[in-house]
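Asker: Contents are compact mmCIF, C-alpha atoms; file name entry-v4.txt:
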# COMPACT_ATOMS: atom_id res chain seq x y z
CA MET A 1 -11.49 42.49 -3.81
CA GLU A 2 -9.28 39.40 -3.60
CA ALA A 3 -11.31 38.08 -0.69
CA GLU A 4 -14.54 38.65 -2.60
CA ALA A 5 -13.13 36.88 -5.66
CA ALA A 6 -12.03 33.97 -3.55
CA ALA A 7 -15.41 33.80 -1.89
CA GLY A 8 -17.15 33.80 -5.24
CA ALA A 9 -14.87 31.18 -6.81
CA PRO A 10 -16.47 27.79 -7.32
CA ALA A 11 -15.40 25.19 -4.80
CA LYS A 12 -13.49 22.17 -6.02
CA LYS A 13 -15.79 19.26 -6.68
CA LYS A 14 -15.54 16.71 -3.92
CA SER A 15 -17.01 13.27 -3.61
CA ARG A 16 -19.09 12.09 -0.69
CA ALA A 17 -15.85 10.63 0.63
CA GLY A 18 -14.54 14.18 1.04
CA ARG A 19 -11.94 13.99 -1.74
CA ASP A 20 -11.16 16.33 -4.61
CA LEU A 21 -12.63 14.02 -7.25
CA PRO A 22 -10.95 15.44 -10.43
CA ALA A 23 -7.54 15.46 -8.75
CA ALA A 24 -8.10 11.97 -7.36
CA LEU A 25 -8.98 10.63 -10.81
CA ILE A 26 -5.99 12.29 -12.52
CA VAL A 27 -3.51 11.04 -9.92
CA GLY A 28 -5.12 7.60 -9.74
CA PHE A 29 -5.07 7.00 -13.49
CA SER A 30 -1.52 8.38 -13.80
CA LEU A 31 -0.23 5.95 -11.18
CA PHE A 32 -2.23 3.12 -12.73
CA PHE A 33 -0.80 3.61 -16.22
CA LEU A 34 2.72 4.07 -14.82
CA VAL A 35 2.52 0.69 -13.11
CA ILE A 36 0.91 -0.97 -16.16
CA ALA A 37 3.71 0.40 -18.38
CA ALA A 38 6.26 -1.08 -15.98
CA PHE A 39 4.50 -4.46 -16.06
CA LEU A 40 4.47 -4.49 -19.87
CA TRP A 41 7.99 -3.33 -20.62
CA PHE A 42 10.07 -3.63 -17.46
CA PRO A 43 8.50 -5.80 -14.71
CA VAL A 44 11.45 -5.31 -12.35
CA GLY A 45 10.61 -1.61 -12.52
CA VAL A 46 7.57 -2.26 -10.32
CA PRO A 47 9.62 -3.04 -7.17
CA ILE A 48 11.83 -0.06 -8.05
CA ILE A 49 8.76 2.18 -8.08
CA LEU A 50 7.57 0.69 -4.79
CA SER A 51 10.99 1.11 -3.20
CA LEU A 52 11.09 4.78 -4.20
CA LEU A 53 7.60 5.33 -2.82
CA SER A 54 8.68 3.60 0.38
CA ILE A 55 11.20 6.38 1.05
CA LEU A 56 8.35 8.87 1.16
CA GLY A 57 6.42 6.37 3.27
CA VAL A 58 9.24 6.34 5.82
CA PHE A 59 8.97 10.11 6.22
CA GLU A 60 5.17 9.99 6.41
CA LEU A 61 5.22 7.35 9.13
CA HIS A 62 7.93 9.27 11.00
CA SER A 63 5.78 12.42 11.00
CA ALA A 64 2.63 10.52 12.01
CA LEU A 65 4.29 8.60 14.83
CA ALA A 66 5.91 11.81 16.09
CA LEU A 67 2.41 13.00 16.97
CA ALA A 68 2.22 10.04 19.36
CA GLY A 69 5.52 11.01 20.98
CA MET A 70 7.57 8.44 19.03
CA SER A 71 10.60 9.21 16.88
CA SER A 72 11.79 6.65 14.33
CA ALA A 73 15.33 6.45 12.98
CA ARG A 74 14.36 8.32 9.84
CA ALA A 75 17.76 8.55 8.11
CA PRO A 76 18.82 4.87 8.20
CA LEU A 77 15.24 3.74 7.50
CA ALA A 78 15.12 5.89 4.36
CA VAL A 79 18.12 3.93 3.07
CA LEU A 80 17.44 0.44 4.41
CA THR A 81 13.70 0.25 3.63
CA PRO A 82 14.06 0.55 -0.17
CA ALA A 83 17.15 -1.68 0.01
CA ILE A 84 15.15 -4.45 1.70
CA ILE A 85 12.34 -4.16 -0.87
CA ILE A 86 14.75 -4.28 -3.82
CA SER A 87 16.74 -7.13 -2.25
CA GLY A 88 13.66 -9.32 -2.54
CA CYS A 89 14.28 -9.36 -6.28
CA ALA A 90 17.85 -10.66 -5.94
CA GLN A 91 16.63 -14.27 -6.18
CA LEU A 92 15.57 -13.56 -9.76
CA TRP A 93 19.24 -13.71 -10.68
CA ASP A 94 20.45 -16.25 -8.12
CA PRO A 95 18.06 -18.41 -6.05
CA ARG A 96 20.63 -18.56 -3.27
CA LEU A 97 20.02 -14.84 -2.65
CA GLU A 98 16.46 -15.43 -1.48
CA VAL A 99 17.69 -14.99 2.10
CA LEU A 100 19.10 -11.51 1.35
CA PRO A 101 15.97 -9.62 2.48
CA TRP A 102 16.05 -11.44 5.82
CA GLY A 103 19.69 -10.54 6.31
CA LEU A 104 19.04 -6.88 5.48
CA THR A 105 16.02 -6.87 7.76
CA GLY A 106 18.17 -8.13 10.62
CA LEU A 107 20.76 -5.47 9.78
CA ALA A 108 18.04 -2.80 9.77
CA VAL A 109 16.77 -3.90 13.19
CA LEU A 110 20.25 -3.78 14.68
CA THR A 111 21.00 -0.44 13.02
CA VAL A 112 17.93 1.39 14.33
CA LEU A 113 18.42 0.01 17.85
CA LEU A 114 22.03 1.24 17.90
CA TRP A 115 21.13 4.51 16.17
CA ARG A 116 18.93 5.55 19.10
CA LEU A 117 21.46 4.72 21.85
CA PRO A 118 23.11 8.20 21.99
CA GLY A 119 19.68 9.72 22.73
CA GLY A 120 19.61 8.27 26.23
CA ALA A 121 17.19 6.02 28.07
CA GLU A 122 14.19 8.34 28.14
CA GLY A 123 11.82 7.39 25.33
CA TYR A 124 14.18 4.74 23.98
CA THR A 125 11.55 1.96 23.92
CA LYS A 126 8.96 4.10 22.13
CA ASP A 127 11.45 5.35 19.55
CA ALA A 128 12.82 1.87 18.92
CA ALA A 129 9.25 0.58 18.54
CA ALA A 130 8.53 3.28 15.94
CA SER A 131 11.53 2.18 13.89
CA LEU A 132 10.76 -1.52 14.19
CA PHE A 133 7.15 -0.84 13.21
CA THR A 134 8.33 0.94 10.06
CA ILE A 135 10.63 -1.95 9.16
CA GLY A 136 7.86 -4.51 9.54
CA TYR A 137 5.08 -2.49 7.94
CA LEU A 138 6.92 -1.00 4.99
CA ALA A 139 10.11 -2.92 4.34
CA LEU A 140 9.22 -6.50 5.25
CA LEU A 141 5.77 -6.53 3.62
CA GLY A 142 7.09 -4.73 0.56
CA SER A 143 9.97 -7.19 0.14
CA PHE A 144 7.52 -9.94 -0.89
CA ILE A 145 7.25 -8.32 -4.30
CA GLY A 146 10.46 -10.15 -5.28
CA PRO A 147 9.24 -13.64 -4.31
CA VAL A 148 6.06 -13.04 -6.34
CA LEU A 149 8.13 -12.13 -9.41
CA ALA A 150 10.23 -15.25 -8.85
CA LEU A 151 7.17 -17.50 -9.24
CA PRO A 152 6.43 -19.05 -12.67
CA ASP A 153 4.80 -16.27 -14.74
CA GLY A 154 5.62 -14.04 -11.78
CA ALA A 155 5.13 -10.75 -13.61
CA VAL A 156 1.60 -11.78 -14.65
CA LYS A 157 0.80 -12.98 -11.13
CA LEU A 158 2.06 -9.75 -9.62
CA GLY A 159 -0.03 -7.89 -12.18
CA LEU A 160 -3.07 -9.92 -11.18
CA ILE A 161 -2.50 -9.07 -7.51
CA PHE A 162 -2.16 -5.37 -8.32
CA MET A 163 -5.21 -5.40 -10.60
CA CYS A 164 -7.34 -7.13 -7.95
CA VAL A 165 -6.31 -4.63 -5.28
CA CYS A 166 -6.78 -1.70 -7.65
CA ALA A 167 -10.22 -2.93 -8.75
CA SER A 168 -11.22 -3.52 -5.15
CA ASP A 169 -10.18 0.02 -4.18
CA THR A 170 -11.92 1.53 -7.21
CA GLY A 171 -15.12 -0.46 -6.79
CA GLY A 172 -15.27 0.34 -3.11
CA TYR A 173 -14.67 4.04 -3.71
CA ALA A 174 -17.21 4.28 -6.54
CA LEU A 175 -20.07 2.46 -4.85
CA GLY A 176 -19.28 3.79 -1.39
CA ALA A 177 -19.11 7.41 -2.56
CA SER A 178 -22.35 7.17 -4.54
CA LEU A 179 -24.54 4.83 -2.47
CA GLY A 180 -22.75 4.31 0.84
CA LYS A 181 -25.03 4.76 3.85
CA HIS A 182 -24.19 2.00 6.32
CA GLN A 183 -20.85 2.49 8.08
CA MET A 184 -18.70 -0.59 8.30
CA ALA A 185 -16.21 0.54 10.95
CA PRO A 186 -17.33 3.96 12.26
CA ASN A 187 -14.78 3.97 15.08
CA ILE A 188 -11.90 3.37 12.68
CA SER A 189 -12.82 4.72 9.23
CA PRO A 190 -16.15 6.61 9.20
CA LYS A 191 -16.23 6.89 5.39
CA LYS A 192 -15.93 3.14 4.81
CA THR A 193 -19.34 1.54 4.19
CA TRP A 194 -20.79 -1.91 3.62
CA GLU A 195 -22.04 -0.71 0.22
CA GLY A 196 -18.46 0.18 -0.64
CA LEU A 197 -17.30 -3.28 0.40
CA VAL A 198 -19.88 -4.81 -1.96
CA GLY A 199 -18.49 -2.63 -4.75
CA SER A 200 -14.99 -3.86 -3.90
CA PHE A 201 -16.07 -7.49 -4.16
CA LEU A 202 -17.98 -6.97 -7.42
CA LEU A 203 -15.40 -5.05 -9.44
CA GLY A 204 -12.55 -7.08 -7.98
CA ALA A 205 -14.23 -10.32 -9.01
CA VAL A 206 -14.83 -9.11 -12.57
CA VAL A 207 -11.28 -7.86 -13.07
CA GLY A 208 -9.71 -10.84 -11.29
CA GLY A 209 -11.66 -13.35 -13.34
CA LEU A 210 -10.84 -11.67 -16.66
CA VAL A 211 -7.13 -11.25 -15.94
CA ALA A 212 -6.82 -14.83 -14.67
CA GLU A 213 -8.57 -16.26 -17.74
CA PHE A 214 -6.96 -14.20 -20.49
CA ALA A 215 -3.56 -13.16 -19.08
CA LEU A 216 -2.57 -15.91 -16.65
CA HIS A 217 -4.48 -18.60 -18.61
CA VAL A 218 -5.95 -20.28 -15.56
CA PRO A 219 -9.66 -20.86 -14.77
CA TRP A 220 -11.53 -17.61 -14.15
CA TRP A 221 -12.66 -18.70 -10.70
CA ILE A 222 -9.06 -18.64 -9.48
CA GLY A 223 -8.95 -14.93 -10.24
CA VAL A 224 -12.31 -14.44 -8.51
CA LEU A 225 -11.09 -16.31 -5.43
CA LEU A 226 -7.90 -14.25 -5.35
CA SER A 227 -9.92 -11.05 -5.70
CA VAL A 228 -12.08 -12.01 -2.72
CA ILE A 229 -8.97 -12.64 -0.64
CA MET A 230 -7.38 -9.39 -1.85
CA THR A 231 -10.52 -7.45 -0.96
CA LEU A 232 -10.65 -8.91 2.54
CA PHE A 233 -6.98 -8.37 3.32
CA GLY A 234 -6.78 -5.10 1.40
CA THR A 235 -9.68 -3.74 3.43
CA ALA A 236 -7.97 -4.94 6.60
CA GLY A 237 -4.77 -3.17 5.52
CA ASP A 238 -6.71 0.02 4.87
CA LEU A 239 -8.35 -0.20 8.30
CA VAL A 240 -4.96 -0.72 9.95
CA GLU A 241 -3.64 2.45 8.36
CA SER A 242 -6.84 4.30 9.28
CA MET A 243 -6.41 3.19 12.88
CA ILE A 244 -2.88 4.63 12.91
CA LYS A 245 -4.19 7.97 11.62
CA ARG A 246 -7.08 8.00 14.09
CA ASP A 247 -4.70 7.23 16.95
CA VAL A 248 -2.40 10.18 16.13
CA GLY A 249 -5.27 12.49 15.12
CA ILE A 250 -4.78 13.07 11.38
CA LYS A 251 -6.99 12.55 8.33
CA ASP A 252 -4.26 11.77 5.78
CA MET A 253 -0.64 10.75 6.13
CA SER A 254 0.31 13.78 3.99
CA SER A 255 -0.87 15.78 0.98
CA THR A 256 1.69 14.34 -1.43
CA LEU A 257 -0.92 12.90 -3.82
CA PRO A 258 -3.76 15.35 -4.57
CA GLY A 259 -7.13 13.75 -3.97
CA HIS A 260 -5.57 10.70 -2.32
CA GLY A 261 -3.60 11.99 0.65
CA GLY A 262 -0.18 10.54 1.28
CA ILE A 263 1.84 7.71 -0.20
CA MET A 264 0.84 5.42 2.67
CA ASP A 265 -2.82 6.23 2.00
CA ARG A 266 -2.32 4.88 -1.52
CA ILE A 267 -0.15 1.79 -0.97
CA ASP A 268 -1.53 0.44 2.32
CA SER A 269 -3.72 -2.21 0.64
CA TYR A 270 -0.92 -3.24 -1.74
CA LEU A 271 1.54 -3.76 1.12
CA VAL A 272 -0.84 -6.30 2.65
CA GLY A 273 -1.95 -7.75 -0.69
CA ILE A 274 1.53 -8.63 -2.00
CA PRO A 275 2.56 -11.18 0.70
CA VAL A 276 -0.99 -12.58 0.86
CA GLY A 277 -0.99 -13.01 -2.92
CA TRP A 278 2.40 -14.73 -2.78
CA ALA A 279 1.04 -17.12 -0.13
CA PHE A 280 -2.06 -17.80 -2.28
CA PHE A 281 -0.08 -18.75 -5.37
CA THR A 282 2.48 -20.74 -3.35
CA ILE A 283 -0.11 -22.77 -1.43
CA ALA A 284 -2.19 -23.34 -4.57
CA ALA A 285 1.00 -24.40 -6.44
CA LEU A 286 0.11 -22.19 -9.40
Translate this file's structure into structure tokens.
Answerer:
Amino acid sequence: MEAEAAAGAPAKKKSRAGRDLPAALIVGFSLFFLVIAAFLWFPVGVPIILSLLSILGVFELHSALALAGMSSARAPLAVLTPAIIISGCAQLWDPRLEVLPWGLTGLAVLTVLLWRLPGGAEGYTKDAAASLFTIGYLALLGSFIGPVLALPDGAVKLGLIFMCVCASDTGGYALGASLGKHQMAPNISPKKTWEGLVGSFLLGAVVGGLVAEFALHVPWWIGVLLSVIMTLFGTAGDLVESMIKRDVGIKDMSSTLPGHGGIMDRIDSYLVGIPVGWAFFTIAAL
């Protein structure tokens, strides 16, 4: 009887991208409003949220890389990765502390190399590479959130970066899931389409232009330009993460976020977007 009931139960509604659409929307909007609340009332809470998510990211990357025969130094990375990300904000209180993330990054590199020594020579290079990859991908990229906040109107600029990336992801998902037919990178991410990329550019440009004009109080075209850059690099970041998953033979990094996959599946574009956004504002002297 139970088997018959299960067979007769309606299947969860999934999008053309293969996701549980209701769950994806609930989780997506919950994360969105959590970050927006942090921006409005406690901007420094944003790097805290990212640093906490990075701990889960460390474990996801460890599990994924283990499928390729690599073992990262999970324990020290779970401590040092969020520490490096948070340390990027130290310059908000004392500009002389802007070098703190670099010092902690060096400490992390030395720690993971020494951590693996007792395991012997066999596999040492692969395991060390897994740890160093995690430091660069998660900790170092994530640490740029502090330098963005340290810019004039840093909280608004960080919000603009996040909004552009979020809009790009949403536009790409919406148009790609509904109209996507032409694969953009079939050997890396079969679900990613050129139609989705157009959706990313369109919604990103609208959101970027509005936020730039009315929140940052700069010409709208600056927000549009930033959104184009965020879409390009965010898509590249997504493809990088997809390549990792394809290499180790998994669809999602984990099932932590219903409808989205793992933490890394959700923050991959933001990790790339934050340092690129910082470079954009720094070079443009905004």
Asker: Env of Ala285 (chain A): 10 Å cut, atoms = all atoms listed in the file, seq-sep filter 3 positions within chain, self excluded. Answer as a list in words.
Answerer: Leu151, Pro152, Ala279, Phe280, Phe281 and Thr282 of chain A
Asker: Can you tell me which residues surround Pro186 (chain A) at a distance of at most 12 Å, considering only C-alpha atoms, apart from same-chain residues fewer than 5 positions away, and format the answer as a list in words?
Answerer: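 Here the answer would be Lys181, Lys191, Lys192, Thr193, Trp194, Leu239, Ser242, Met243 and Arg246 of chain A.
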Asker: Just checking: using all atoms listed in the file, which residue out of A:Met70, A:Asp247, A:Thr235, A:Ile161 ends up closest to Gly208 (chain A)?
Answerer: A:Ile161
Asker: As an exercise, work out the distance from CA of Ala90 (chain A) to CA of Trp278 (chain A) in Å and give it to one decimal place.
Answerer: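 That distance, rounded to one decimal, is 16.3 Å.
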Asker: Near region 131-145 of chain A, within 6 Å and counting all atoms listed in the file, which residues show up once chain neighbours fewer than 3 positions away are dropped, as a PyMOL selection string?
Answerer: chain A and resi 72-73+81+84-85+88+128+148+271+275
Asker: Which residues are near Gly159 (chain A)? Cut-off 12 Å, all atoms listed in the file, ignore same chain within fewer than 6 positions. Put them as a short mmCIF file (atom, residue, chain, number, x, y, z; two decimals) with C-alpha atoms, keeping the file's coordinate frame.
Answerer:
data_model
loop_
_atom_site.label_atom_id
_atom_site.label_comp_id
_atom_site.auth_asym_id
_atom_site.auth_seq_id
_atom_site.Cartn_x
_atom_site.Cartn_y
_atom_site.Cartn_z
CA PHE A 32 -2.23 3.12 -12.73
CA VAL A 35 2.52 0.69 -13.11
CA ILE A 36 0.91 -0.97 -16.16
CA ALA A 37 3.71 0.40 -18.38
CA ALA A 38 6.26 -1.08 -15.98
CA PHE A 39 4.50 -4.46 -16.06
CA LEU A 40 4.47 -4.49 -19.87
CA PRO A 43 8.50 -5.80 -14.71
CA VAL A 44 11.45 -5.31 -12.35
CA VAL A 46 7.57 -2.26 -10.32
CA PRO A 47 9.62 -3.04 -7.17
CA ILE A 145 7.25 -8.32 -4.30
CA VAL A 148 6.06 -13.04 -6.34
CA LEU A 149 8.13 -12.13 -9.41
CA ASP A 153 4.80 -16.27 -14.74
CA VAL A 165 -6.31 -4.63 -5.28
CA CYS A 166 -6.78 -1.70 -7.65
CA ALA A 167 -10.22 -2.93 -8.75
CA VAL A 207 -11.28 -7.86 -13.07
CA GLY A 208 -9.71 -10.84 -11.29
CA VAL A 211 -7.13 -11.25 -15.94
CA ALA A 212 -6.82 -14.83 -14.67
CA ALA A 215 -3.56 -13.16 -19.08
CA LEU A 216 -2.57 -15.91 -16.65
CA GLY A 223 -8.95 -14.93 -10.24
CA TYR A 270 -0.92 -3.24 -1.74
CA GLY A 273 -1.95 -7.75 -0.69
CA ILE A 274 1.53 -8.63 -2.00
CA GLY A 277 -0.99 -13.01 -2.92
CA TRP A 278 2.40 -14.73 -2.78
#
Asker: Using all atoms listed in the file, which of A:Ala130, A:Leu100, A:Leu114, A:Ala83 sits nearest Ser71 (chain A)?
Answerer: A:Ala130
Asker: Go through A:Met253, A:Ala177, A:Ala236, A:Val109 and flag the residue nearest Leu67 (chain A), using only C-alpha atoms for the distances.
Answerer: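 Of A:Met253, A:Ala177, A:Ala236, A:Val109, the one nearest Leu67 (chain A) is A:Met253, counting only C-alpha atoms.
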Asker: Quick one: of A:Gly106, A:Gly69, A:Gly199, A:Gly57, who's nearest to Val248 (chain A), counting only C-alpha atoms?
Answerer: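 Ranking A:Gly106, A:Gly69, A:Gly199, A:Gly57 by distance to Val248 (chain A), first place goes to A:Gly69.
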Asker: My list of candidates is A:Leu92, A:Leu104, A:Ile263, A:Ile86. Which is closest to Gly45 (chain A) when distances are computed with only C-alpha atoms?
Answerer: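 Using only C-alpha atoms, the shortest distance to Gly45 (chain A) belongs to A:Ile86.
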Asker: Kindly give the distance, in Å, that separates CA of Thr105 (chain A) and CA of Ser269 (chain A), rounded to a single decimal.
Answerer: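 Value for the CA of Thr105 (chain A)-CA of Ser269 (chain A) distance: 21.5 Å.
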